[in-house]
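Asker: The following file, entry.txt, comprises compact mmCIF, C-alpha atoms:
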```
# COMPACT_ATOMS: atom_id res chain seq x y z
CA MET A 211 -30.03 -42.97 -14.23
CA LYS A 212 -29.46 -40.85 -17.34
CA PHE A 213 -25.75 -40.67 -16.47
CA ILE A 214 -25.54 -44.49 -16.21
CA LYS A 215 -27.42 -44.82 -19.51
CA ASN A 216 -24.96 -42.44 -21.23
CA VAL A 217 -21.99 -44.27 -19.73
CA LEU A 218 -23.34 -47.63 -20.88
CA LEU A 219 -24.03 -46.28 -24.34
CA THR A 220 -20.54 -44.80 -24.57
CA PHE A 221 -18.93 -47.93 -23.16
CA SER A 222 -20.91 -50.15 -25.56
CA VAL A 223 -19.71 -48.12 -28.52
CA GLN A 224 -16.14 -48.15 -27.20
CA LEU A 225 -16.46 -51.91 -26.77
CA ILE A 226 -17.38 -52.11 -30.44
CA ALA A 227 -14.31 -49.94 -31.14
CA VAL A 228 -12.19 -52.40 -29.12
CA ILE A 229 -13.50 -55.32 -31.15
CA LEU A 230 -12.89 -53.46 -34.42
CA GLY A 231 -9.41 -52.49 -33.20
CA ILE A 232 -8.61 -56.10 -32.30
CA ILE A 233 -9.79 -57.31 -35.70
CA ILE A 234 -7.61 -54.67 -37.39
CA SER A 235 -4.64 -55.62 -35.18
CA VAL A 236 -5.07 -59.32 -35.94
CA ILE A 237 -5.26 -58.72 -39.71
CA LEU A 238 -2.18 -56.46 -39.66
CA ALA A 239 -0.22 -58.75 -37.32
CA ARG A 240 -0.82 -61.82 -39.42
CA THR A 241 -0.32 -60.01 -42.74
CA LEU A 242 2.59 -57.68 -42.04
CA GLY A 243 4.62 -59.55 -39.41
CA PRO A 244 6.21 -58.09 -36.23
CA GLU A 245 8.74 -55.79 -37.95
CA LYS A 246 6.26 -54.08 -40.29
CA VAL A 247 3.74 -53.84 -37.45
CA GLY A 248 6.43 -52.00 -35.51
CA ILE A 249 7.05 -49.55 -38.38
CA TYR A 250 3.30 -49.04 -38.82
CA SER A 251 2.90 -48.36 -35.07
CA ILE A 252 5.64 -45.70 -35.10
CA VAL A 253 4.25 -43.91 -38.18
CA ILE A 254 0.71 -43.78 -36.76
CA LEU A 255 2.10 -42.76 -33.39
CA ILE A 256 3.98 -39.78 -34.86
CA PHE A 257 0.82 -38.23 -36.30
CA THR A 258 -1.38 -39.12 -33.35
CA LEU A 259 1.18 -37.38 -31.14
CA LEU A 260 1.32 -34.35 -33.46
CA SER A 261 -2.47 -34.01 -33.40
CA THR A 262 -2.44 -34.21 -29.61
CA PHE A 263 0.36 -31.65 -29.52
CA GLY A 264 -1.21 -29.35 -32.10
CA ASN A 265 -4.85 -29.14 -31.01
CA LEU A 266 -3.97 -26.56 -28.29
CA GLY A 267 -6.73 -27.84 -26.00
CA ILE A 268 -9.44 -26.30 -28.20
CA ALA A 269 -11.47 -29.54 -28.14
CA ILE A 270 -11.86 -29.41 -24.35
CA SER A 271 -12.60 -25.67 -24.52
CA ASN A 272 -15.39 -26.35 -27.03
CA THR A 273 -17.23 -28.52 -24.53
CA TYR A 274 -16.49 -26.29 -21.53
CA TYR A 275 -17.46 -22.94 -23.07
CA GLY A 276 -20.48 -24.43 -24.85
CA VAL A 277 -21.91 -25.97 -21.66
CA LYS A 278 -21.16 -22.77 -19.72
CA LYS A 279 -22.90 -20.80 -22.54
CA ARG A 280 -20.05 -18.32 -22.74
CA TYR A 281 -20.26 -18.45 -26.56
CA THR A 282 -22.85 -19.77 -29.01
CA TRP A 283 -22.42 -23.17 -30.58
CA SER A 284 -22.38 -21.48 -34.00
CA GLU A 285 -19.36 -19.39 -33.02
CA ILE A 286 -17.60 -22.43 -31.57
CA ALA A 287 -18.32 -24.54 -34.68
CA SER A 288 -17.13 -21.86 -37.10
CA ASN A 289 -13.92 -21.31 -35.17
CA SER A 290 -13.33 -25.08 -34.95
CA LEU A 291 -13.59 -25.53 -38.71
CA ILE A 292 -11.13 -22.74 -39.47
CA SER A 293 -8.77 -23.60 -36.59
CA SER A 294 -8.47 -27.27 -37.56
CA PHE A 295 -7.12 -26.49 -41.03
CA LEU A 296 -5.05 -23.52 -39.92
CA LEU A 297 -3.34 -25.46 -37.12
CA GLY A 298 -3.09 -28.61 -39.25
CA ILE A 299 -1.18 -26.77 -41.97
CA ILE A 300 1.12 -25.11 -39.42
CA ILE A 301 1.91 -28.49 -37.84
CA LEU A 302 2.68 -30.03 -41.23
CA ALA A 303 4.93 -27.10 -42.17
CA ALA A 304 6.79 -27.47 -38.85
CA LEU A 305 7.21 -31.21 -39.45
CA LEU A 306 8.59 -30.64 -42.97
CA LEU A 307 11.07 -28.05 -41.67
CA PHE A 308 12.17 -30.36 -38.88
CA TYR A 309 12.59 -33.24 -41.35
CA TYR A 310 14.55 -31.04 -43.75
CA PHE A 311 17.03 -29.79 -41.15
CA ASN A 312 17.18 -32.91 -38.96
CA PRO A 313 16.16 -36.10 -40.79
CA SER A 314 18.02 -38.46 -38.41
CA PRO A 315 14.99 -39.32 -36.18
CA PHE A 316 13.20 -40.58 -39.32
CA GLU A 317 16.16 -42.31 -40.98
CA ASN A 318 14.68 -45.80 -40.46
CA LEU A 319 11.30 -44.79 -41.85
CA ASP A 320 10.21 -44.56 -45.48
CA PRO A 321 9.52 -40.84 -46.23
CA GLY A 322 6.67 -41.93 -48.50
CA LEU A 323 4.82 -43.44 -45.54
CA LEU A 324 5.19 -40.20 -43.57
CA LEU A 325 3.94 -38.17 -46.54
CA ILE A 326 0.82 -40.33 -46.97
CA ALA A 327 0.01 -40.18 -43.24
CA SER A 328 0.60 -36.41 -43.05
CA ILE A 329 -2.58 -35.72 -45.04
CA THR A 330 -4.62 -36.71 -41.97
CA MET A 331 -3.33 -33.85 -39.82
CA PRO A 332 -6.09 -31.20 -40.30
CA PHE A 333 -8.77 -33.89 -40.42
CA ILE A 334 -7.83 -35.45 -37.08
CA LEU A 335 -8.19 -32.00 -35.49
CA LEU A 336 -11.46 -31.38 -37.34
CA MET A 337 -12.93 -34.63 -36.05
CA LEU A 338 -11.76 -33.99 -32.49
CA TYR A 339 -13.12 -30.43 -32.33
CA PHE A 340 -16.58 -31.29 -33.66
CA GLN A 341 -16.89 -34.45 -31.56
CA ASN A 342 -16.46 -32.30 -28.47
CA ILE A 343 -19.17 -29.95 -29.70
CA LEU A 344 -21.54 -32.94 -29.92
CA LEU A 345 -20.46 -33.97 -26.42
CA GLY A 346 -21.12 -30.50 -25.04
CA GLN A 347 -24.56 -30.45 -26.69
CA ASN A 348 -25.32 -33.73 -24.89
CA ARG A 349 -25.83 -35.51 -28.20
CA ILE A 350 -24.29 -38.67 -26.79
CA GLU A 351 -25.59 -41.10 -29.41
CA GLU A 352 -24.21 -39.02 -32.25
CA TYR A 353 -20.96 -38.44 -30.36
CA ASN A 354 -20.56 -42.18 -29.92
CA PHE A 355 -21.46 -42.88 -33.53
CA THR A 356 -18.61 -40.65 -34.72
CA ASN A 357 -16.21 -42.52 -32.43
CA ILE A 358 -16.52 -45.76 -34.41
CA THR A 359 -16.96 -44.50 -37.97
CA GLN A 360 -13.20 -44.16 -38.55
CA SER A 361 -12.59 -47.73 -37.34
CA ILE A 362 -15.39 -49.12 -39.52
CA ILE A 363 -14.13 -47.32 -42.63
CA TYR A 364 -10.52 -48.29 -41.85
CA LEU A 365 -11.36 -51.96 -41.35
CA SER A 366 -13.38 -52.05 -44.58
CA LEU A 367 -10.51 -50.52 -46.57
CA ILE A 368 -7.93 -52.83 -44.99
CA VAL A 369 -9.92 -55.94 -45.83
CA ILE A 370 -10.26 -54.81 -49.45
CA LEU A 371 -6.63 -53.73 -49.82
CA ILE A 372 -5.16 -56.76 -48.04
CA LEU A 373 -6.97 -58.99 -50.51
CA VAL A 374 -5.64 -56.95 -53.43
CA VAL A 375 -2.20 -55.86 -52.18
CA HIS A 376 -1.06 -58.46 -49.65
CA GLY A 377 1.35 -57.14 -47.00
CA ASP A 378 1.88 -53.69 -48.54
CA LEU A 379 2.56 -51.24 -45.70
CA GLY A 380 1.96 -48.22 -47.92
CA ALA A 381 -1.54 -49.46 -48.72
CA VAL A 382 -2.28 -49.90 -45.02
CA ILE A 383 -1.13 -46.34 -44.19
CA ALA A 384 -3.16 -45.01 -47.13
CA SER A 385 -6.24 -46.82 -45.77
CA TRP A 386 -5.72 -45.20 -42.38
CA THR A 387 -5.43 -41.77 -44.03
CA VAL A 388 -8.56 -42.16 -46.17
CA SER A 389 -10.54 -43.42 -43.16
CA TYR A 390 -9.73 -40.28 -41.15
CA VAL A 391 -10.42 -37.88 -44.02
CA THR A 392 -13.80 -39.52 -44.63
CA ALA A 393 -14.82 -39.98 -40.98
CA SER A 394 -13.97 -36.38 -40.02
CA ILE A 395 -16.73 -35.02 -42.27
CA ILE A 396 -19.47 -36.85 -40.34
CA PRO A 397 -19.37 -34.88 -37.03
CA VAL A 398 -19.24 -31.63 -39.03
CA ILE A 399 -22.44 -32.59 -40.86
CA LEU A 400 -24.13 -33.68 -37.61
CA VAL A 401 -23.30 -30.39 -35.91
CA TYR A 402 -24.34 -28.33 -38.94
CA ARG A 403 -27.75 -30.03 -39.10
CA SER A 404 -28.76 -28.52 -35.74
CA THR A 405 -26.32 -25.60 -35.49
CA LYS A 406 -26.06 -23.63 -38.69
CA PHE A 407 -22.79 -21.74 -38.86
CA LYS A 408 -20.94 -19.54 -41.33
CA LEU A 409 -17.22 -19.21 -41.85
CA HIS A 410 -16.40 -16.46 -39.41
CA PHE A 411 -13.33 -16.44 -37.18
CA ASN A 412 -13.86 -15.08 -33.66
CA LEU A 413 -10.38 -14.11 -32.48
CA ASN A 414 -11.58 -13.48 -28.93
CA LEU A 415 -13.09 -16.97 -28.72
CA PHE A 416 -9.94 -18.50 -30.18
CA SER A 417 -7.78 -16.64 -27.68
CA LYS A 418 -9.90 -17.67 -24.69
CA SER A 419 -10.22 -21.26 -25.96
CA VAL A 420 -6.46 -21.57 -26.24
CA LYS A 421 -5.95 -19.86 -22.87
CA PHE A 422 -8.30 -22.27 -21.10
CA GLY A 423 -7.31 -25.24 -23.24
CA LEU A 424 -3.59 -24.74 -22.66
CA GLN A 425 -4.08 -25.47 -18.98
CA SER A 426 -5.23 -29.00 -19.78
CA TYR A 427 -3.50 -29.13 -23.17
CA LEU A 428 -0.02 -29.43 -21.71
CA GLY A 429 -1.25 -32.15 -19.39
CA ASN A 430 -2.90 -34.04 -22.26
CA VAL A 431 0.19 -33.78 -24.45
CA ILE A 432 2.50 -34.90 -21.67
CA GLN A 433 0.06 -37.63 -20.65
CA PHE A 434 -0.18 -38.96 -24.20
CA PHE A 435 3.58 -38.70 -24.61
CA ASN A 436 3.88 -40.59 -21.34
CA TYR A 437 1.64 -43.34 -22.74
CA ARG A 438 3.70 -43.65 -25.94
CA ILE A 439 7.28 -42.62 -25.13
CA ASP A 440 8.00 -46.27 -24.35
CA MET A 441 7.47 -47.25 -28.00
CA PHE A 442 9.95 -44.63 -29.19
CA LEU A 443 12.50 -45.75 -26.59
CA ILE A 444 12.03 -49.41 -27.51
CA GLU A 445 12.65 -48.54 -31.18
CA ILE A 446 15.80 -46.60 -30.23
CA LEU A 447 17.19 -49.09 -27.69
CA LEU A 448 15.96 -52.32 -29.34
CA ASN A 449 14.31 -52.60 -32.81
CA PHE A 450 11.06 -52.39 -34.79
CA THR A 451 10.30 -56.07 -34.12
CA SER A 452 10.25 -55.38 -30.38
CA VAL A 453 7.92 -52.42 -31.04
CA GLY A 454 5.66 -54.84 -32.93
CA TYR A 455 5.46 -57.21 -29.95
CA TYR A 456 4.98 -54.36 -27.51
CA SER A 457 2.19 -52.78 -29.57
CA ILE A 458 0.20 -55.99 -29.10
CA SER A 459 0.76 -55.85 -25.32
CA VAL A 460 -0.30 -52.21 -25.20
CA GLY A 461 -3.36 -52.78 -27.39
CA LEU A 462 -4.66 -55.58 -25.18
CA ALA A 463 -3.84 -53.80 -21.90
CA GLU A 464 -5.46 -50.56 -23.01
CA SER A 465 -8.69 -52.40 -23.80
CA LEU A 466 -9.22 -52.09 -20.04
CA TRP A 467 -9.26 -48.29 -20.45
CA TYR A 468 -12.49 -48.13 -22.39
CA LEU A 469 -14.87 -48.29 -19.44
CA PRO A 470 -12.92 -45.68 -17.38
CA SER A 471 -12.61 -43.52 -20.52
CA ALA A 472 -16.35 -43.73 -21.17
CA VAL A 473 -17.09 -42.85 -17.55
CA GLY A 474 -14.51 -40.05 -17.57
CA THR A 475 -15.95 -38.53 -20.74
CA MET A 476 -19.45 -38.42 -19.25
CA VAL A 477 -18.12 -37.06 -15.95
CA PHE A 478 -16.34 -34.24 -17.80
CA ALA A 479 -19.42 -33.42 -19.88
CA ARG A 480 -21.71 -33.05 -16.86
CA THR A 481 -19.39 -31.61 -14.17
CA PRO A 482 -19.50 -27.93 -15.30
CA GLY A 483 -23.29 -28.00 -14.91
CA LEU A 484 -23.35 -29.53 -11.40
CA SER A 485 -23.21 -27.80 -8.04
CA GLU A 486 -20.25 -28.32 -5.71
CA LYS A 487 -22.36 -30.52 -3.44
CA GLU A 488 -23.56 -32.71 -6.33
CA ARG A 489 -20.01 -33.20 -7.61
CA ASN A 490 -18.63 -34.12 -4.20
CA LYS A 491 -21.38 -36.67 -3.65
CA SER A 492 -21.51 -38.41 -7.03
CA THR A 493 -17.89 -38.57 -8.20
CA PRO A 494 -16.52 -40.83 -5.40
CA GLN A 495 -19.33 -43.31 -6.08
CA VAL A 496 -18.64 -43.24 -9.81
CA CYS A 497 -14.89 -43.65 -9.24
CA ARG A 498 -15.01 -46.60 -6.83
CA ASN A 499 -17.45 -48.51 -9.01
CA THR A 500 -15.35 -47.90 -12.12
CA LEU A 501 -12.28 -49.19 -10.26
CA PHE A 502 -14.20 -52.25 -9.03
CA VAL A 503 -15.35 -53.27 -12.52
CA THR A 504 -11.89 -52.55 -14.01
CA ILE A 505 -10.23 -54.85 -11.46
CA ILE A 506 -12.61 -57.67 -12.41
CA LEU A 507 -11.93 -57.17 -16.13
CA ALA A 508 -8.17 -56.92 -15.50
CA THR A 509 -8.19 -60.20 -13.57
CA VAL A 510 -9.93 -61.92 -16.47
CA LEU A 511 -7.39 -60.47 -18.95
CA PHE A 512 -4.45 -61.53 -16.75
CA PHE A 513 -5.49 -65.18 -16.80
CA THR A 514 -6.72 -65.33 -20.41
CA GLY A 515 -4.05 -63.10 -22.02
CA LYS A 516 -1.89 -65.99 -23.18
CA TYR A 517 -4.76 -67.71 -24.97
CA ILE A 518 -5.98 -64.44 -26.51
CA ILE A 519 -2.52 -63.81 -28.00
CA LEU A 520 -2.16 -67.39 -29.27
CA ILE A 521 -5.64 -67.56 -30.80
CA LEU A 522 -5.75 -64.07 -32.32
CA PHE A 523 -2.15 -63.25 -33.21
CA GLY A 524 -0.33 -66.57 -33.29
CA LEU A 525 2.63 -68.17 -31.54
CA GLN A 526 5.15 -65.67 -32.95
CA TYR A 527 3.56 -62.90 -30.82
CA LEU A 528 3.80 -64.75 -27.50
CA PRO A 529 6.67 -62.45 -26.34
CA ALA A 530 3.88 -59.85 -25.87
CA LEU A 531 2.48 -61.77 -22.88
CA THR A 532 4.88 -60.81 -20.07
CA PRO A 533 4.75 -57.07 -20.91
CA LEU A 534 0.95 -57.35 -20.89
CA TRP A 535 1.06 -58.72 -17.34
CA ALA A 536 3.43 -55.92 -16.29
CA LEU A 537 1.14 -53.23 -17.75
CA ILE A 538 -2.06 -54.40 -16.02
CA PRO A 539 -1.38 -52.91 -12.53
CA GLY A 540 -0.69 -49.49 -14.07
CA ILE A 541 -3.83 -49.69 -16.20
CA ILE A 542 -5.90 -50.47 -13.09
CA ALA A 543 -4.42 -47.41 -11.37
CA LEU A 544 -5.22 -45.27 -14.39
CA SER A 545 -8.91 -46.24 -14.18
CA ILE A 546 -8.98 -44.01 -11.09
CA CYS A 547 -7.02 -41.25 -12.80
CA LYS A 548 -9.23 -41.19 -15.91
CA VAL A 549 -12.37 -40.57 -13.86
CA LEU A 550 -10.94 -38.06 -11.38
CA SER A 551 -8.84 -36.10 -13.89
CA ASN A 552 -11.89 -35.49 -16.06
CA GLU A 553 -13.87 -34.36 -13.02
CA ILE A 554 -11.11 -31.98 -11.92
CA THR A 555 -10.88 -30.56 -15.46
CA GLY A 556 -14.67 -30.09 -15.47
CA ARG A 557 -14.27 -28.03 -12.28
CA GLY A 558 -12.02 -25.68 -14.26
CA LYS A 559 -8.77 -26.85 -12.60
CA PRO A 560 -6.92 -28.65 -15.44
CA LEU A 561 -3.47 -27.47 -14.28
CA ILE A 562 -3.56 -30.15 -11.57
CA ILE A 563 -3.64 -32.80 -14.30
CA THR A 564 -0.70 -31.12 -16.03
CA TYR A 565 1.42 -31.30 -12.86
CA ALA A 566 0.55 -34.98 -12.40
CA SER A 567 1.42 -35.74 -16.03
CA VAL A 568 4.78 -33.96 -15.79
CA ILE A 569 5.79 -35.94 -12.70
CA SER A 570 4.62 -39.18 -14.32
CA LEU A 571 6.75 -38.47 -17.40
CA ILE A 572 9.76 -37.58 -15.25
CA VAL A 573 9.38 -40.99 -13.57
CA ASN A 574 8.72 -42.87 -16.83
CA ILE A 575 11.66 -41.86 -19.05
CA PRO A 576 14.56 -42.70 -16.68
CA LEU A 577 12.93 -45.99 -15.66
CA ASN A 578 12.52 -46.96 -19.33
CA ILE A 579 16.16 -46.15 -20.03
CA ILE A 580 17.24 -48.24 -17.03
CA PHE A 581 14.82 -51.16 -17.42
CA ILE A 582 14.76 -51.71 -21.23
CA PRO A 583 18.44 -52.78 -21.57
CA GLN A 584 18.00 -55.14 -18.60
CA MET A 585 14.52 -56.59 -19.15
CA GLY A 586 13.62 -55.66 -22.74
CA ILE A 587 10.00 -54.74 -23.47
CA THR A 588 8.88 -56.11 -20.09
CA GLY A 589 11.07 -53.48 -18.45
CA SER A 590 9.35 -50.78 -20.48
CA ALA A 591 5.93 -52.09 -19.39
CA LEU A 592 7.02 -52.09 -15.75
CA ALA A 593 8.30 -48.51 -16.03
CA SER A 594 4.98 -47.44 -17.54
CA SER A 595 3.00 -49.11 -14.75
CA ILE A 596 5.04 -47.31 -12.09
CA SER A 597 4.65 -43.92 -13.81
CA TYR A 598 0.88 -44.41 -14.27
CA THR A 599 0.54 -45.20 -10.58
CA ALA A 600 2.53 -42.07 -9.66
CA ALA A 601 0.16 -39.87 -11.70
CA THR A 602 -2.87 -41.55 -10.16
CA LEU A 603 -1.66 -40.97 -6.59
CA ILE A 604 -1.18 -37.25 -7.28
CA VAL A 605 -4.62 -36.83 -8.90
CA LEU A 606 -6.27 -38.86 -6.13
CA ALA A 607 -4.65 -36.75 -3.39
CA LYS A 608 -5.73 -33.51 -5.09
CA PHE A 609 -9.29 -34.74 -5.63
CA ILE A 610 -9.67 -35.75 -1.97
CA LYS A 611 -8.46 -32.31 -0.93
CA ILE A 612 -10.80 -30.47 -3.33
CA SER A 613 -13.90 -32.55 -2.63
CA ASN A 614 -13.36 -33.27 1.09
CA SER A 615 -13.91 -36.96 0.32
CA THR A 616 -11.96 -39.87 1.84
CA ILE A 617 -9.86 -42.57 0.19
CA SER A 618 -12.38 -45.16 1.35
CA GLU A 619 -15.32 -43.27 -0.19
CA THR A 620 -13.43 -42.88 -3.48
CA LEU A 621 -11.87 -46.34 -3.88
CA ILE A 622 -13.65 -48.97 -1.76
CA ILE A 623 -16.88 -50.54 -2.99
CA LYS A 624 -19.85 -50.17 -0.59
CA LYS A 625 -22.87 -52.32 0.27
CA GLN A 626 -25.23 -49.83 -1.32
CA ASP A 627 -23.24 -50.15 -4.57
CA ILE A 628 -23.85 -53.91 -4.64
CA LYS A 629 -27.58 -53.26 -4.23
CA LEU A 630 -27.42 -50.90 -7.19
CA TYR A 631 -25.74 -53.62 -9.27
CA ASN A 632 -28.57 -56.01 -8.42
CA GLU A 633 -31.20 -53.42 -9.36
CA PHE A 634 -29.30 -52.54 -12.49
CA LEU A 635 -28.97 -56.18 -13.61
CA LEU A 636 -32.67 -56.71 -13.03
CA LYS A 637 -33.38 -53.61 -15.12
CA ILE A 638 -31.15 -54.88 -17.93
CA GLY A 639 -32.93 -58.25 -17.74
CA GLU A 640 -36.28 -56.52 -18.15
CA VAL A 641 -35.03 -54.47 -21.12
CA VAL A 642 -33.53 -57.54 -22.81
CA GLN A 643 -36.74 -59.50 -22.22
CA ILE A 644 -38.83 -56.71 -23.77
CA ARG A 645 -36.43 -56.45 -26.74
CA PHE A 646 -36.56 -60.19 -27.42
CA LYS A 647 -40.33 -60.22 -27.06
CA LYS A 648 -40.65 -57.45 -29.67
CA LEU A 649 -38.14 -59.24 -31.90
CA PHE A 650 -40.11 -62.50 -31.83
CA GLN A 651 -43.36 -60.60 -32.42
CA ASN A 652 -41.82 -58.97 -35.50
CA ILE A 653 -40.55 -62.34 -36.75
CA ASN A 654 -43.95 -63.94 -36.23
CA SER A 655 -45.66 -61.10 -38.08
CA TYR A 656 -43.72 -62.03 -41.24
CA PHE A 657 -45.12 -65.56 -41.19
CA ILE A 658 -48.71 -64.81 -40.20
```
Translate this structure into structure tokens?
Answerer:
Amino acid sequence: MKFIKNVLLTFSVQLIAVILGIIISVILARTLGPEKVGIYSIVILIFTLLSTFGNLGIAISNTYYGVKKRYTWSEIASNSLISSFLLGIIILAALLLFYYFNPSPFENLDPGLLLIASITMPFILLMLYFQNILLGQNRIEEYNFTNITQSIIYLSLIVILILVVHGDLGAVIASWTVSYVTASIIPVILVYRSTKFKLHFNLNLFSKSVKFGLQSYLGNVIQFFNYRIDMFLIEILLNFTSVGYYSISVGLAESLWYLPSAVGTMVFARTPGLSEKERNKSTPQVCRNTLFVTIILATVLFFTGKYIILILFGLQYLPALTPLWALIPGIIALSICKVLSNEITGRGKPLIITYASVISLIVNIPLNIIFIPQMGITGSALASSISYTAATLIVLAKFIKISNSTISETLIIKKQDIKLYNEFLLKIGEVVQIRFKKLFQNINSYFI
């Protein structure tokens, strides 16, 4: 029951993040227009990719080693603080050298925008490392709180700046940068309140964290690159306007990820502490129910996608609809992958996820190159869906082998699951009833 409570809490917060993200997307889409949205998407993507590439898997190691009690939380926190700035500076130096000797990949981008966004580099790592410490300490509420602070700060700054500087892309990028710098301090403070630490660098911990993290790190980098390579290819083969349309498709489609991501995060956090028998029993149930709910949500999005785009973004963004439809099957497949890959990583076998990610990327790039000239951004969406499904099939096959489960147990909803839904809905009804009763009692107390 505690697991379900943590999943619901995480999902609720991620749902808030989705809503905030949609509001931000709507404001930017209507203020900047498709071309500037495309440029914005590429700039943000560059630094998100660099942070994924540069974190060396230390974030995952923080949770794993902390839960396993191989090192103290103070040692992990101290190393995380130093590592985030050390690695952040190295990444920025590497980017500057690359830009100096080979500026052609950035020739269509304003260097000023890249410079403003580059400030975020150490702070993205800082936020990621300390969030995973909170996760490992089972401080789920605080972990979830830090997940939405950046979006809240970013939205607030955008609203202010859009009113003052209408349609200025530099102001938008600056808002994104300030939001990350500010939000990254919060998880550090939260960790420090319960885990006092001094600035001391444990080389042995760093070495082991990187060694363990690299096993999943390569998979995470390749997986993220697999999720976003399509945008780079669309920019190369088409234009920034097409990237703008496609970013809307991706944003809406990936809203279906939030439940599987929430479930996967909780599965990863608890798996190292479970016995083999407990893992093998609980994970198939968690996976099939996550898939079931995702299919329902995906069906709703498929039939309402057109109206969501028209109402939120306007008629000019309607070309985003067909790619959205093409992405949905792949997103459904990934709901399986996100649960099982986190469980496999929690078992200490992250290399399996790396292999799956490599094969998925090998499938994705050629299909994008073939499909984009023929079908435009819809072709890119189709290529992504196929590659996501390929990764899912590999992870699923490996999980079944490791856990001795069956495909039916892992993917097909059972009668006992439906009974749990009924019990769960009744429980929610009781909680809501109690909440409203207390609310009305409080309101009445003001008037009596």
Asker: Using atom CA of A:Ser294 and atom CA of A:Phe340 as the two end points, give the distance in Å to one decimal.
Answerer: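 Atom-to-atom, atom CA of A:Ser294 to atom CA of A:Phe340, that is 9.9 Å.
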Asker: Please return as a ChimeraX atom specification every residue within 10 Å of (-6.0, -28.5, -27.8), taking into account only C-alpha atoms and the file's own coordinates.
Answerer: /A:261-272,335,338-339,419-428,430-431
Asker: Would you list the contacts of stretch 455-462 of chain A as a list in words, taking every protein, DNA or RNA residue within 7 Å and counting all atoms listed in the file, but skipping same-chain residues closer than 4 positions in sequence?
Answerer: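 Near neighbours after the sequence-gap exclusion: Pro244, Thr451, Tyr527, Pro529, Ala530, Leu531, Pro533, Leu534 and Ile587 of chain A.
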Asker: Using only C-alpha atoms - which residues lie no farther than 7 Å from the point (-22.6, -34.9, -31.5) in the file's frame? Write them as a list in words.
Answerer: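 Those residues, ordered by chain and then number, are Gln341, Ile343, Leu344, Leu345, Gln347, Arg349, Ile350, Glu352, Tyr353, Pro397, Leu400 and Val401 of chain A.
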Asker: Output C-alpha atoms of each residue in that selection to a file, as an mmCIF file, in the coordinates of the input.
Answerer:
```
data_model
loop_
_atom_site.group_PDB
_atom_site.id
_atom_site.type_symbol
_atom_site.label_atom_id
_atom_site.label_comp_id
_atom_site.auth_asym_id
_atom_site.auth_seq_id
_atom_site.Cartn_x
_atom_site.Cartn_y
_atom_site.Cartn_z
ATOM 1 C CA GLN A 341 -16.890 -34.450 -31.560
ATOM 2 C CA ILE A 343 -19.170 -29.950 -29.700
ATOM 3 C CA LEU A 344 -21.540 -32.940 -29.920
ATOM 4 C CA LEU A 345 -20.460 -33.970 -26.420
ATOM 5 C CA GLN A 347 -24.560 -30.450 -26.690
ATOM 6 C CA ARG A 349 -25.830 -35.510 -28.200
ATOM 7 C CA ILE A 350 -24.290 -38.670 -26.790
ATOM 8 C CA GLU A 352 -24.210 -39.020 -32.250
ATOM 9 C CA TYR A 353 -20.960 -38.440 -30.360
ATOM 10 C CA PRO A 397 -19.370 -34.880 -37.030
ATOM 11 C CA LEU A 400 -24.130 -33.680 -37.610
ATOM 12 C CA VAL A 401 -23.300 -30.390 -35.910
#
```
Asker: Please provide the set of residues having any atom within 9 Å of stretch 322-328 of chain A, restricted to all atoms listed in the file, with same-chain residues fewer than 6 positions apart removed, written as JSON, numbers by chain.
Answerer: {"A": [250, 253, 254, 256, 257, 302, 379, 380, 383, 384, 386, 387]}
Asker: Between atom CA of A:Ile226 and atom CA of A:Asn552, what is the distance in Å, rounded to a tenth?
Answerer: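 Straight-line distance from atom CA of A:Ile226 to atom CA of A:Asn552 works out to 22.7 Å.
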Asker: Expressed in Å to a single decimal, how great is the separation between atom CA of A:Tyr274 and atom CA of A:Leu544?
Answerer: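 Taking atom CA of A:Tyr274 as the start and atom CA of A:Leu544 as the end point, the length is 23.2 Å.
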Asker: So that I can see what lies close to A:Thr616, please list as a ChimeraX atom specification the residues with an atom at most 12 Å from it, counting all atoms listed in the file and leaving out residues fewer than 2 positions away in the same chain.
Answerer: /A:490-491,493-495,498,606-614,618-622
Asker: With all atoms listed in the file as the basis for distance, which of A:Gly540, A:Gly556, A:Pro583, A:Gly589 is at the shortest distance from A:Thr475?
Answerer: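 Nearest candidate to A:Thr475 out of A:Gly540, A:Gly556, A:Pro583, A:Gly589: A:Gly556.
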Asker: Residues at most 12 Å from A:Phe502, counting all atoms listed in the file, excluding those fewer than 5 positions away in the same chain, as a list in words?
Answerer: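 Residues meeting the cut-off are Leu469, Pro470, Gln495, Val496, Cys497, Leu507, Ala508, Thr509, Ile542, Ala543, Ser545, Ile546, Thr620, Leu621, Ile622, Ile623, Lys624, Asp627, Ile628 and Tyr631 of chain A.
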Asker: Which one is closest to A:Ile396: A:Tyr275, A:Ile439, A:Asn414, A:Thr356? Count only C-alpha atoms.
Answerer: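 Counting only C-alpha atoms, the residue closest to A:Ile396 is A:Thr356.
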Asker: Near A:Leu522, within 10 Å and counting all atoms listed in the file, which residues show up once chain neighbours fewer than 2 positions away are dropped, as a PyMOL selection string?
Answerer: chain A and resi 232-233+235-237+239-240+517-520+524-525+527
Asker: Produce a file of the selected residues containing C-alpha atoms, as a short mmCIF file (atom, residue, chain, number, x, y, z; two decimals), in the coordinates of the input.
Answerer:
```cif
data_model
loop_
_atom_site.label_atom_id
_atom_site.label_comp_id
_atom_site.auth_asym_id
_atom_site.auth_seq_id
_atom_site.Cartn_x
_atom_site.Cartn_y
_atom_site.Cartn_z
CA ILE A 232 -8.61 -56.10 -32.30
CA ILE A 233 -9.79 -57.31 -35.70
CA SER A 235 -4.64 -55.62 -35.18
CA VAL A 236 -5.07 -59.32 -35.94
CA ILE A 237 -5.26 -58.72 -39.71
CA ALA A 239 -0.22 -58.75 -37.32
CA ARG A 240 -0.82 -61.82 -39.42
CA TYR A 517 -4.76 -67.71 -24.97
CA ILE A 518 -5.98 -64.44 -26.51
CA ILE A 519 -2.52 -63.81 -28.00
CA LEU A 520 -2.16 -67.39 -29.27
CA GLY A 524 -0.33 -66.57 -33.29
CA LEU A 525 2.63 -68.17 -31.54
CA TYR A 527 3.56 -62.90 -30.82
#
```
